[in-house]
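Enquirer: Data: protein17.cif, mmCIF, N, CA and C atoms.
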data_final
loop_
_atom_site.label_atom_id
_atom_site.label_comp_id
_atom_site.auth_asym_id
_atom_site.auth_seq_id
_atom_site.Cartn_x
_atom_site.Cartn_y
_atom_site.Cartn_z
N MET A 18 -32.03 19.29 -28.31
CA MET A 18 -33.15 20.04 -27.79
C MET A 18 -33.84 19.25 -26.67
N LEU A 19 -33.97 17.95 -26.84
CA LEU A 19 -34.64 17.13 -25.83
C LEU A 19 -33.94 17.13 -24.49
N PRO A 20 -32.57 17.04 -24.42
CA PRO A 20 -31.93 17.10 -23.09
C PRO A 20 -32.20 18.41 -22.36
N CYS A 21 -32.27 19.52 -23.09
CA CYS A 21 -32.58 20.80 -22.44
C CYS A 21 -33.98 20.78 -21.85
N CYS A 22 -34.94 20.19 -22.59
CA CYS A 22 -36.31 20.11 -22.09
C CYS A 22 -36.39 19.20 -20.88
N VAL A 23 -35.65 18.10 -20.91
CA VAL A 23 -35.64 17.18 -19.77
C VAL A 23 -35.06 17.87 -18.54
N LEU A 24 -33.96 18.61 -18.71
CA LEU A 24 -33.34 19.33 -17.60
C LEU A 24 -34.29 20.37 -17.04
N LEU A 25 -34.93 21.14 -17.91
CA LEU A 25 -35.86 22.17 -17.46
C LEU A 25 -37.05 21.55 -16.73
N ALA A 26 -37.57 20.46 -17.24
CA ALA A 26 -38.71 19.81 -16.59
C ALA A 26 -38.32 19.26 -15.23
N GLN A 27 -37.12 18.70 -15.10
CA GLN A 27 -36.68 18.20 -13.80
C GLN A 27 -36.51 19.33 -12.81
N LEU A 28 -35.98 20.46 -13.26
CA LEU A 28 -35.80 21.59 -12.35
C LEU A 28 -37.13 22.15 -11.89
N LEU A 29 -38.12 22.16 -12.76
CA LEU A 29 -39.42 22.72 -12.41
C LEU A 29 -40.28 21.76 -11.59
N CYS A 30 -40.11 20.46 -11.80
CA CYS A 30 -41.00 19.49 -11.16
C CYS A 30 -40.58 19.09 -9.76
N PHE A 31 -39.30 19.16 -9.43
CA PHE A 31 -38.84 18.65 -8.15
C PHE A 31 -38.63 19.76 -7.15
N ASN A 32 -39.25 19.64 -6.01
CA ASN A 32 -39.08 20.59 -4.92
C ASN A 32 -37.89 20.15 -4.09
N SER A 33 -37.18 21.10 -3.49
CA SER A 33 -35.95 20.76 -2.79
C SER A 33 -36.19 20.14 -1.42
N SER A 34 -37.35 20.32 -0.84
CA SER A 34 -37.54 19.85 0.52
C SER A 34 -38.57 18.74 0.66
N VAL A 35 -39.32 18.44 -0.36
CA VAL A 35 -40.39 17.47 -0.25
C VAL A 35 -40.17 16.34 -1.23
N SER A 36 -40.30 15.11 -0.76
CA SER A 36 -40.25 13.96 -1.67
C SER A 36 -41.66 13.70 -2.18
N HIS A 37 -41.82 13.72 -3.47
CA HIS A 37 -43.14 13.46 -4.03
C HIS A 37 -42.97 12.93 -5.45
N PRO A 38 -43.90 12.07 -5.86
CA PRO A 38 -43.83 11.58 -7.23
C PRO A 38 -44.39 12.62 -8.19
N THR A 39 -43.78 12.75 -9.35
CA THR A 39 -44.31 13.60 -10.40
C THR A 39 -44.39 12.78 -11.66
N VAL A 40 -45.51 12.86 -12.32
CA VAL A 40 -45.73 12.08 -13.52
C VAL A 40 -46.02 13.05 -14.65
N SER A 41 -45.30 12.89 -15.75
CA SER A 41 -45.56 13.73 -16.90
C SER A 41 -46.38 12.95 -17.91
N ILE A 42 -46.74 13.59 -19.00
CA ILE A 42 -47.54 12.95 -20.04
C ILE A 42 -46.80 11.75 -20.62
N SER A 43 -45.50 11.91 -20.86
CA SER A 43 -44.74 10.82 -21.46
C SER A 43 -44.24 9.81 -20.45
N GLY A 44 -44.38 10.06 -19.15
CA GLY A 44 -43.97 9.11 -18.14
C GLY A 44 -42.49 9.15 -17.81
N PHE A 45 -41.77 10.17 -18.27
CA PHE A 45 -40.34 10.27 -18.00
C PHE A 45 -40.03 10.47 -16.53
N PHE A 46 -40.87 11.22 -15.83
CA PHE A 46 -40.53 11.66 -14.50
C PHE A 46 -41.34 10.96 -13.42
N ALA A 47 -41.65 9.72 -13.60
CA ALA A 47 -42.41 8.97 -12.61
C ALA A 47 -41.44 8.43 -11.55
N THR A 48 -40.73 9.34 -10.90
CA THR A 48 -39.76 8.97 -9.89
C THR A 48 -39.99 9.80 -8.64
N VAL A 49 -39.38 9.39 -7.57
CA VAL A 49 -39.44 10.14 -6.33
C VAL A 49 -38.09 10.82 -6.14
N SER A 50 -38.12 12.10 -5.81
CA SER A 50 -36.88 12.85 -5.66
C SER A 50 -36.76 13.41 -4.25
N ASN A 51 -35.57 13.33 -3.70
CA ASN A 51 -35.27 13.94 -2.42
C ASN A 51 -33.96 14.68 -2.51
N MET A 52 -33.82 15.51 -3.56
CA MET A 52 -32.56 16.21 -3.75
C MET A 52 -32.61 17.59 -3.11
N SER A 53 -31.45 18.04 -2.66
CA SER A 53 -31.35 19.41 -2.14
C SER A 53 -30.80 20.28 -3.26
N VAL A 54 -31.43 21.39 -3.49
CA VAL A 54 -31.08 22.25 -4.61
C VAL A 54 -29.93 23.17 -4.22
N ASP A 55 -28.95 23.32 -5.08
CA ASP A 55 -27.81 24.19 -4.88
C ASP A 55 -28.18 25.61 -5.33
N TRP A 56 -28.90 26.32 -4.48
CA TRP A 56 -29.38 27.66 -4.84
C TRP A 56 -28.22 28.64 -5.03
N VAL A 57 -27.17 28.50 -4.25
CA VAL A 57 -26.01 29.39 -4.40
C VAL A 57 -25.38 29.17 -5.78
N GLY A 58 -25.27 27.93 -6.19
CA GLY A 58 -24.70 27.62 -7.51
C GLY A 58 -25.55 28.15 -8.64
N TYR A 59 -26.87 28.02 -8.52
CA TYR A 59 -27.75 28.56 -9.56
C TYR A 59 -27.70 30.08 -9.59
N GLY A 60 -27.60 30.71 -8.42
CA GLY A 60 -27.47 32.17 -8.38
C GLY A 60 -26.18 32.64 -9.01
N TYR A 61 -25.11 31.91 -8.75
CA TYR A 61 -23.81 32.23 -9.34
C TYR A 61 -23.88 32.08 -10.86
N ALA A 62 -24.52 31.02 -11.34
CA ALA A 62 -24.66 30.80 -12.78
C ALA A 62 -25.47 31.93 -13.42
N ALA A 63 -26.52 32.36 -12.75
CA ALA A 63 -27.34 33.46 -13.27
C ALA A 63 -26.53 34.76 -13.30
N LEU A 64 -25.71 35.00 -12.28
CA LEU A 64 -24.86 36.19 -12.24
C LEU A 64 -23.88 36.19 -13.40
N VAL A 65 -23.26 35.06 -13.65
CA VAL A 65 -22.28 34.97 -14.74
C VAL A 65 -22.95 35.18 -16.10
N ALA A 66 -24.07 34.50 -16.32
CA ALA A 66 -24.76 34.61 -17.61
C ALA A 66 -25.31 36.03 -17.81
N SER A 67 -25.89 36.60 -16.77
CA SER A 67 -26.43 37.95 -16.92
C SER A 67 -25.31 38.97 -17.13
N GLY A 68 -24.15 38.73 -16.55
CA GLY A 68 -23.01 39.61 -16.80
C GLY A 68 -22.60 39.62 -18.27
N GLY A 69 -22.64 38.47 -18.89
CA GLY A 69 -22.33 38.40 -20.32
C GLY A 69 -23.36 39.14 -21.16
N VAL A 70 -24.64 38.98 -20.80
CA VAL A 70 -25.70 39.67 -21.54
C VAL A 70 -25.58 41.18 -21.35
N ILE A 71 -25.32 41.64 -20.12
CA ILE A 71 -25.18 43.07 -19.86
C ILE A 71 -23.97 43.64 -20.62
N GLY A 72 -22.88 42.89 -20.67
CA GLY A 72 -21.71 43.32 -21.44
C GLY A 72 -22.03 43.46 -22.91
N TYR A 73 -22.87 42.58 -23.42
CA TYR A 73 -23.27 42.67 -24.83
C TYR A 73 -24.18 43.88 -25.07
N VAL A 74 -25.12 44.10 -24.17
CA VAL A 74 -26.07 45.20 -24.34
C VAL A 74 -25.37 46.56 -24.21
N LYS A 75 -24.49 46.69 -23.22
CA LYS A 75 -23.84 47.99 -22.98
C LYS A 75 -22.74 48.29 -23.99
N ALA A 76 -21.94 47.30 -24.35
CA ALA A 76 -20.77 47.57 -25.18
C ALA A 76 -20.79 46.83 -26.51
N ALA A 77 -21.88 46.15 -26.83
CA ALA A 77 -21.99 45.35 -28.05
C ALA A 77 -20.84 44.36 -28.16
N SER A 78 -20.46 43.77 -27.03
CA SER A 78 -19.33 42.85 -26.97
C SER A 78 -19.82 41.41 -27.15
N VAL A 79 -19.63 40.89 -28.34
CA VAL A 79 -20.02 39.51 -28.62
C VAL A 79 -19.16 38.52 -27.83
N PRO A 80 -17.85 38.74 -27.65
CA PRO A 80 -17.08 37.83 -26.82
C PRO A 80 -17.57 37.78 -25.37
N SER A 81 -18.02 38.92 -24.84
CA SER A 81 -18.56 38.95 -23.49
C SER A 81 -19.84 38.11 -23.41
N LEU A 82 -20.68 38.23 -24.41
CA LEU A 82 -21.92 37.44 -24.44
C LEU A 82 -21.60 35.95 -24.53
N ALA A 83 -20.69 35.59 -25.43
CA ALA A 83 -20.35 34.18 -25.61
C ALA A 83 -19.72 33.60 -24.35
N ALA A 84 -18.77 34.32 -23.75
CA ALA A 84 -18.12 33.82 -22.54
C ALA A 84 -19.10 33.75 -21.37
N GLY A 85 -19.96 34.76 -21.24
CA GLY A 85 -20.94 34.75 -20.16
C GLY A 85 -21.90 33.60 -20.27
N LEU A 86 -22.39 33.35 -21.46
CA LEU A 86 -23.34 32.24 -21.64
C LEU A 86 -22.64 30.88 -21.52
N LEU A 87 -21.41 30.78 -22.00
CA LEU A 87 -20.67 29.53 -21.90
C LEU A 87 -20.36 29.19 -20.44
N PHE A 88 -19.77 30.14 -19.72
CA PHE A 88 -19.43 29.89 -18.32
C PHE A 88 -20.67 29.84 -17.44
N GLY A 89 -21.68 30.65 -17.75
CA GLY A 89 -22.92 30.59 -16.99
C GLY A 89 -23.63 29.25 -17.18
N GLY A 90 -23.62 28.75 -18.41
CA GLY A 90 -24.21 27.44 -18.67
C GLY A 90 -23.44 26.32 -17.97
N ALA A 91 -22.11 26.42 -17.99
CA ALA A 91 -21.30 25.42 -17.30
C ALA A 91 -21.53 25.47 -15.79
N ALA A 92 -21.64 26.68 -15.24
CA ALA A 92 -21.90 26.82 -13.80
C ALA A 92 -23.30 26.31 -13.45
N GLY A 93 -24.26 26.55 -14.32
CA GLY A 93 -25.61 26.02 -14.11
C GLY A 93 -25.65 24.51 -14.16
N PHE A 94 -24.90 23.92 -15.11
CA PHE A 94 -24.81 22.48 -15.18
C PHE A 94 -24.14 21.91 -13.94
N GLY A 95 -23.10 22.59 -13.46
CA GLY A 95 -22.43 22.16 -12.23
C GLY A 95 -23.36 22.22 -11.04
N ALA A 96 -24.18 23.28 -10.96
CA ALA A 96 -25.15 23.38 -9.86
C ALA A 96 -26.19 22.27 -9.95
N TYR A 97 -26.59 21.94 -11.16
CA TYR A 97 -27.53 20.83 -11.36
C TYR A 97 -26.91 19.51 -10.89
N GLN A 98 -25.63 19.30 -11.21
CA GLN A 98 -24.97 18.07 -10.77
C GLN A 98 -24.85 18.02 -9.26
N ILE A 99 -24.52 19.15 -8.62
CA ILE A 99 -24.44 19.18 -7.16
C ILE A 99 -25.80 18.94 -6.54
N SER A 100 -26.86 19.43 -7.19
CA SER A 100 -28.21 19.20 -6.68
C SER A 100 -28.57 17.72 -6.71
N ASN A 101 -28.11 17.01 -7.70
CA ASN A 101 -28.39 15.58 -7.80
C ASN A 101 -27.46 14.74 -6.94
N ASP A 102 -26.20 15.13 -6.85
CA ASP A 102 -25.21 14.39 -6.06
C ASP A 102 -24.27 15.40 -5.41
N PRO A 103 -24.41 15.68 -4.12
CA PRO A 103 -23.58 16.70 -3.47
C PRO A 103 -22.08 16.43 -3.52
N ASN A 104 -21.67 15.22 -3.84
CA ASN A 104 -20.25 14.91 -3.95
C ASN A 104 -19.67 15.23 -5.33
N ASN A 105 -20.52 15.53 -6.29
CA ASN A 105 -20.10 15.77 -7.67
C ASN A 105 -19.91 17.27 -7.88
N ILE A 106 -18.79 17.81 -7.39
CA ILE A 106 -18.57 19.26 -7.43
C ILE A 106 -17.58 19.69 -8.50
N TRP A 107 -17.06 18.78 -9.27
CA TRP A 107 -15.91 19.09 -10.12
C TRP A 107 -16.21 20.08 -11.23
N VAL A 108 -17.36 20.00 -11.87
CA VAL A 108 -17.69 20.95 -12.95
C VAL A 108 -17.79 22.36 -12.38
N SER A 109 -18.47 22.50 -11.26
CA SER A 109 -18.59 23.82 -10.62
C SER A 109 -17.23 24.34 -10.16
N LEU A 110 -16.42 23.47 -9.61
CA LEU A 110 -15.10 23.89 -9.11
C LEU A 110 -14.20 24.34 -10.25
N VAL A 111 -14.18 23.62 -11.34
CA VAL A 111 -13.35 24.00 -12.50
C VAL A 111 -13.86 25.30 -13.11
N THR A 112 -15.18 25.42 -13.26
CA THR A 112 -15.75 26.64 -13.85
C THR A 112 -15.44 27.87 -13.01
N SER A 113 -15.72 27.79 -11.71
CA SER A 113 -15.48 28.96 -10.86
C SER A 113 -13.99 29.22 -10.68
N GLY A 114 -13.17 28.17 -10.69
CA GLY A 114 -11.72 28.36 -10.61
C GLY A 114 -11.17 29.06 -11.84
N ALA A 115 -11.66 28.65 -13.01
CA ALA A 115 -11.22 29.30 -14.24
C ALA A 115 -11.64 30.77 -14.27
N LEU A 116 -12.86 31.05 -13.85
CA LEU A 116 -13.31 32.44 -13.83
C LEU A 116 -12.56 33.26 -12.78
N THR A 117 -12.20 32.64 -11.67
CA THR A 117 -11.40 33.35 -10.67
C THR A 117 -10.07 33.79 -11.28
N GLY A 118 -9.42 32.89 -11.99
CA GLY A 118 -8.14 33.23 -12.61
C GLY A 118 -8.26 34.26 -13.71
N ILE A 119 -9.22 34.07 -14.60
CA ILE A 119 -9.38 34.98 -15.74
C ILE A 119 -9.78 36.38 -15.28
N MET A 120 -10.83 36.44 -14.46
CA MET A 120 -11.33 37.76 -14.03
C MET A 120 -10.40 38.38 -12.99
N GLY A 121 -9.71 37.57 -12.21
CA GLY A 121 -8.73 38.11 -11.27
C GLY A 121 -7.58 38.79 -12.00
N LYS A 122 -7.13 38.19 -13.09
CA LYS A 122 -6.06 38.79 -13.90
C LYS A 122 -6.54 40.09 -14.53
N ARG A 123 -7.77 40.11 -15.01
CA ARG A 123 -8.31 41.34 -15.59
C ARG A 123 -8.46 42.43 -14.53
N PHE A 124 -8.91 42.05 -13.33
CA PHE A 124 -9.06 43.02 -12.26
C PHE A 124 -7.70 43.56 -11.82
N TYR A 125 -6.70 42.70 -11.75
CA TYR A 125 -5.36 43.12 -11.35
C TYR A 125 -4.80 44.13 -12.35
N GLY A 126 -5.09 43.93 -13.63
CA GLY A 126 -4.58 44.84 -14.65
C GLY A 126 -5.33 46.15 -14.73
N SER A 127 -6.65 46.12 -14.54
CA SER A 127 -7.44 47.33 -14.72
C SER A 127 -7.77 48.06 -13.42
N ARG A 128 -7.79 47.35 -12.31
CA ARG A 128 -8.17 47.89 -11.00
C ARG A 128 -9.60 48.45 -11.00
N LYS A 129 -10.44 47.98 -11.93
CA LYS A 129 -11.84 48.39 -11.98
C LYS A 129 -12.69 47.29 -11.38
N PHE A 130 -13.55 47.67 -10.44
CA PHE A 130 -14.38 46.67 -9.76
C PHE A 130 -15.40 46.07 -10.71
N MET A 131 -15.98 46.88 -11.57
CA MET A 131 -16.98 46.36 -12.50
C MET A 131 -16.35 46.17 -13.87
N PRO A 132 -16.52 45.05 -14.50
CA PRO A 132 -17.13 43.83 -14.02
C PRO A 132 -16.12 42.83 -13.46
N ALA A 133 -14.84 43.08 -13.73
CA ALA A 133 -13.82 42.07 -13.42
C ALA A 133 -13.70 41.81 -11.92
N GLY A 134 -13.72 42.85 -11.11
CA GLY A 134 -13.58 42.67 -9.67
C GLY A 134 -14.75 41.93 -9.06
N LEU A 135 -15.97 42.27 -9.51
CA LEU A 135 -17.17 41.60 -9.01
C LEU A 135 -17.14 40.11 -9.35
N MET A 136 -16.81 39.80 -10.60
CA MET A 136 -16.81 38.39 -11.02
C MET A 136 -15.66 37.62 -10.37
N ALA A 137 -14.51 38.26 -10.20
CA ALA A 137 -13.40 37.59 -9.52
C ALA A 137 -13.76 37.31 -8.07
N GLY A 138 -14.38 38.27 -7.41
CA GLY A 138 -14.79 38.08 -6.01
C GLY A 138 -15.85 37.01 -5.86
N ALA A 139 -16.88 37.05 -6.72
CA ALA A 139 -17.94 36.04 -6.65
C ALA A 139 -17.38 34.65 -6.96
N SER A 140 -16.49 34.58 -7.93
CA SER A 140 -15.90 33.29 -8.30
C SER A 140 -15.01 32.76 -7.18
N LEU A 141 -14.26 33.65 -6.53
CA LEU A 141 -13.41 33.24 -5.42
C LEU A 141 -14.26 32.72 -4.25
N LEU A 142 -15.37 33.39 -3.98
CA LEU A 142 -16.28 32.90 -2.93
C LEU A 142 -16.85 31.53 -3.30
N MET A 143 -17.17 31.33 -4.57
CA MET A 143 -17.70 30.04 -5.01
C MET A 143 -16.63 28.95 -4.88
N VAL A 144 -15.38 29.27 -5.23
CA VAL A 144 -14.28 28.30 -5.06
C VAL A 144 -14.13 27.95 -3.59
N GLY A 145 -14.23 28.95 -2.71
CA GLY A 145 -14.14 28.70 -1.28
C GLY A 145 -15.26 27.80 -0.78
N LYS A 146 -16.48 28.07 -1.22
CA LYS A 146 -17.63 27.23 -0.83
C LYS A 146 -17.44 25.79 -1.29
N LEU A 147 -17.01 25.62 -2.53
CA LEU A 147 -16.82 24.27 -3.06
C LEU A 147 -15.64 23.57 -2.42
N SER A 148 -14.59 24.32 -2.11
CA SER A 148 -13.43 23.72 -1.44
C SER A 148 -13.79 23.23 -0.04
N LEU A 149 -14.60 24.01 0.67
CA LEU A 149 -15.06 23.56 1.98
C LEU A 149 -15.91 22.30 1.86
N ALA A 150 -16.75 22.24 0.84
CA ALA A 150 -17.56 21.04 0.63
C ALA A 150 -16.66 19.84 0.32
N LEU A 151 -15.60 20.07 -0.42
CA LEU A 151 -14.66 19.00 -0.75
C LEU A 151 -13.91 18.53 0.49
N LEU A 152 -13.51 19.48 1.33
CA LEU A 152 -12.77 19.11 2.55
C LEU A 152 -13.66 18.42 3.59
N ASN A 153 -14.93 18.75 3.60
CA ASN A 153 -15.86 18.14 4.58
C ASN A 153 -16.41 16.80 4.12
N LYS A 154 -16.10 16.41 2.89
CA LYS A 154 -16.59 15.15 2.35
C LYS A 154 -15.90 14.00 3.09
N PRO A 155 -16.67 13.01 3.56
CA PRO A 155 -16.04 11.87 4.26
C PRO A 155 -15.16 11.07 3.32
N GLN A 156 -14.01 10.67 3.82
CA GLN A 156 -13.04 9.90 3.03
C GLN A 156 -13.29 8.41 3.16
N ALA A 157 -13.21 7.71 2.06
CA ALA A 157 -13.34 6.24 2.07
C ALA A 157 -12.02 5.64 2.55
N SER A 158 -12.09 4.70 3.46
CA SER A 158 -10.85 4.10 3.96
C SER A 158 -10.67 2.69 3.52
#
What is this structure when it is put down as structure tokens?
Expert:
Amino acid sequence: MLPCCVLLAQLLCFNSSVSHPTVSISGFFATVSNMSVDWVGYGYAALVASGGVIGYVKAASVPSLAAGLLFGGAAGFGAYQISNDPNNIWVSLVTSGALTGIMGKRFYGSRKFMPAGLMAGASLLMVGKLSLALLNKPQAS
């Protein structure tokens, strides 16, 4: 429970464009932050998680809820890691790559845009964004 609270507090306390100290009651966050927030990654994570919730509400699909929350949480964690270190893209890349394959296969079989086509397309765009970030990363010689 405590790591979730720490993550939530860090997300709420740090602004993406301004470096400023934030001090909490317990003194955990007495640091200066200059991180850029991965808004696209957080939006993608919200899309994945909300898709699972909508699948549960509309069709009472517990597997849809579990998969949506699992992959949405993993995508959110990946976006958090990218926000802290722009070179740390592997969790987001694996998550979006797995969803591209899974939902792409479902879309190929059903030919229905909702939900498989939407998620396959969004995941493919996320893989493209992360691949470009990986290719633009300077190489150590």
Enquirer: Skip Leu151 (chain A) itself and residues of its chain fewer than 4 positions away, then list as a ChimeraX atom specification all residues within 9 Å of it, counting only C-alpha atoms.
Expert: /A:104,106,146-147,155
Enquirer: Once the PyMOL selection byres ((chain A and resi 130-139) around 7) is applied to the coordinates I shared, what remains selected? I want it as a compact mmCIF listing (two decimals) with N, CA and C atoms, in the coordinates of the input.
Expert:
# COMPACT_ATOMS: atom_id res chain seq x y z
N LEU A 116 -12.86 31.05 -13.85
CA LEU A 116 -13.31 32.44 -13.83
C LEU A 116 -12.56 33.26 -12.78
N THR A 117 -12.20 32.64 -11.67
CA THR A 117 -11.40 33.35 -10.67
C THR A 117 -10.07 33.79 -11.28
N GLY A 118 -9.42 32.89 -11.99
CA GLY A 118 -8.14 33.23 -12.61
C GLY A 118 -8.26 34.26 -13.71
N ILE A 119 -9.22 34.07 -14.60
CA ILE A 119 -9.38 34.98 -15.74
C ILE A 119 -9.78 36.38 -15.28
N MET A 120 -10.83 36.44 -14.46
CA MET A 120 -11.33 37.76 -14.03
C MET A 120 -10.40 38.38 -12.99
N GLY A 121 -9.71 37.57 -12.21
CA GLY A 121 -8.73 38.11 -11.27
C GLY A 121 -7.58 38.79 -12.00
N ARG A 123 -7.77 40.11 -15.01
CA ARG A 123 -8.31 41.34 -15.59
C ARG A 123 -8.46 42.43 -14.53
N PHE A 124 -8.91 42.05 -13.33
CA PHE A 124 -9.06 43.02 -12.26
C PHE A 124 -7.70 43.56 -11.82
N SER A 127 -6.65 46.12 -14.54
CA SER A 127 -7.44 47.33 -14.72
C SER A 127 -7.77 48.06 -13.42
N ARG A 128 -7.79 47.35 -12.31
CA ARG A 128 -8.17 47.89 -11.00
C ARG A 128 -9.60 48.45 -11.00
N LYS A 129 -10.44 47.98 -11.93
CA LYS A 129 -11.84 48.39 -11.98
C LYS A 129 -12.69 47.29 -11.38
N SER A 140 -16.49 34.58 -7.93
CA SER A 140 -15.90 33.29 -8.30
C SER A 140 -15.01 32.76 -7.18
N LEU A 141 -14.26 33.65 -6.53
CA LEU A 141 -13.41 33.24 -5.42
C LEU A 141 -14.26 32.72 -4.25
N LEU A 142 -15.37 33.39 -3.98
CA LEU A 142 -16.28 32.90 -2.93
C LEU A 142 -16.85 31.53 -3.30
N MET A 143 -17.17 31.33 -4.57
CA MET A 143 -17.70 30.04 -5.01
C MET A 143 -16.63 28.95 -4.88
N VAL A 144 -15.38 29.27 -5.23
CA VAL A 144 -14.28 28.30 -5.06
C VAL A 144 -14.13 27.95 -3.59
Enquirer: Could you please determine the separation between CA of Val79 (chain A) and atom N of Tyr125 (chain A) in Å, to one decimal place?
Expert: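 Atom-to-atom, CA of Val79 (chain A) and atom N of Tyr125 (chain A) are spaced 21.7 Å apart.
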Enquirer: In Å, with one decimal, what is the gap from atom C of Ala63 (chain A) to atom N of Leu152 (chain A)?
Expert: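 Taking atom C of Ala63 (chain A) as the start and atom N of Leu152 (chain A) as the end point, the length is 24.8 Å.
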Enquirer: Measuring atom to atom with all atoms listed in the file, identify which of A:Gln156, A:Gly145, A:Ala62, A:Asp55 is nearest to Gln98 (chain A).
Expert: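 Among A:Gln156, A:Gly145, A:Ala62, A:Asp55, it is A:Asp55 that comes nearest to Gln98 (chain A).
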Enquirer: Considering all atoms listed in the file, state which residue in the set A:Val74, A:Val57, A:Val65, A:Leu149 is at the smallest distance from Gly89 (chain A).
Expert: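 Closest candidate: A:Val65.
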Enquirer: Please compute the atom C of Ser81 (chain A)-atom N of Ile99 (chain A) distance, one decimal, in Å.
Expert: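 Between atom C of Ser81 (chain A) and atom N of Ile99 (chain A) the gap is 24.5 Å.
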Enquirer: Starting from the point (-27.3, 20.5, -8.9), work out which residues of protein, DNA or RNA have an atom no more than 8 Å away when counting only N, CA and C atoms; state them as a list in words.
Expert: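 Those residues, ordered by chain and then number, are Ser53, Val54, Asp55, Trp56, Gly58, Tyr59, Gly93, Phe94, Gly95, Ala96, Tyr97, Gln98, Ile99, Ser100, Asn101, Asp102 and Pro103 of chain A.
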Enquirer: Evaluated on this file, the PyMOL selection byres (((chain A and resi 108 and name CA) around 8) and name CA) picks out some residues - which ones are they, written as an mmCIF file with N, CA and C atoms, in the frame of the given file?
Expert:
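As written to disk, expr_33.cif reads:
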data_model
loop_
_atom_site.group_PDB
_atom_site.id
_atom_site.type_symbol
_atom_site.label_atom_id
_atom_site.label_comp_id
_atom_site.auth_asym_id
_atom_site.auth_seq_id
_atom_site.Cartn_x
_atom_site.Cartn_y
_atom_site.Cartn_z
ATOM 1 N N ALA A 91 -22.110 26.420 -17.990
ATOM 2 C CA ALA A 91 -21.300 25.420 -17.300
ATOM 3 C C ALA A 91 -21.530 25.470 -15.790
ATOM 4 N N ALA A 92 -21.640 26.680 -15.240
ATOM 5 C CA ALA A 92 -21.900 26.820 -13.800
ATOM 6 C C ALA A 92 -23.300 26.310 -13.450
ATOM 7 N N PHE A 94 -24.900 23.920 -15.110
ATOM 8 C CA PHE A 94 -24.810 22.480 -15.180
ATOM 9 C C PHE A 94 -24.140 21.910 -13.940
ATOM 10 N N GLY A 95 -23.100 22.590 -13.460
ATOM 11 C CA GLY A 95 -22.430 22.160 -12.230
ATOM 12 C C GLY A 95 -23.360 22.220 -11.040
ATOM 13 N N ASN A 105 -20.520 15.530 -6.290
ATOM 14 C CA ASN A 105 -20.100 15.770 -7.670
ATOM 15 C C ASN A 105 -19.910 17.270 -7.880
ATOM 16 N N ILE A 106 -18.790 17.810 -7.390
ATOM 17 C CA ILE A 106 -18.570 19.260 -7.430
ATOM 18 C C ILE A 106 -17.580 19.690 -8.500
ATOM 19 N N TRP A 107 -17.060 18.780 -9.270
ATOM 20 C CA TRP A 107 -15.910 19.090 -10.120
ATOM 21 C C TRP A 107 -16.210 20.080 -11.230
ATOM 22 N N SER A 109 -18.470 22.500 -11.260
ATOM 23 C CA SER A 109 -18.590 23.820 -10.620
ATOM 24 C C SER A 109 -17.230 24.340 -10.160
ATOM 25 N N LEU A 110 -16.420 23.470 -9.610
ATOM 26 C CA LEU A 110 -15.100 23.890 -9.110
ATOM 27 C C LEU A 110 -14.200 24.340 -10.250
ATOM 28 N N VAL A 111 -14.180 23.620 -11.340
ATOM 29 C CA VAL A 111 -13.350 24.000 -12.500
ATOM 30 C C VAL A 111 -13.860 25.300 -13.110
ATOM 31 N N THR A 112 -15.180 25.420 -13.260
ATOM 32 C CA THR A 112 -15.750 26.640 -13.850
ATOM 33 C C THR A 112 -15.440 27.870 -13.010
#
Enquirer: Let me know the residues the PyMOL selection byres (((chain A and resi 70 and name CA) around 12) and name CA) catches in the file above, as a list in words.
Expert: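 What the PyMOL selection byres (((chain A and resi 70 and name CA) around 12) and name CA) grabs from the file is Ala63, Leu64, Val65, Ala66, Ser67, Gly68, Gly69, Ile71, Gly72, Tyr73, Val74, Lys75, Ala76, Ala77, Ser78, Val79, Pro80, Ser81, Leu82, Ala83, Ala84, Gly85, Leu86, Leu87 and Gly89 of chain A.
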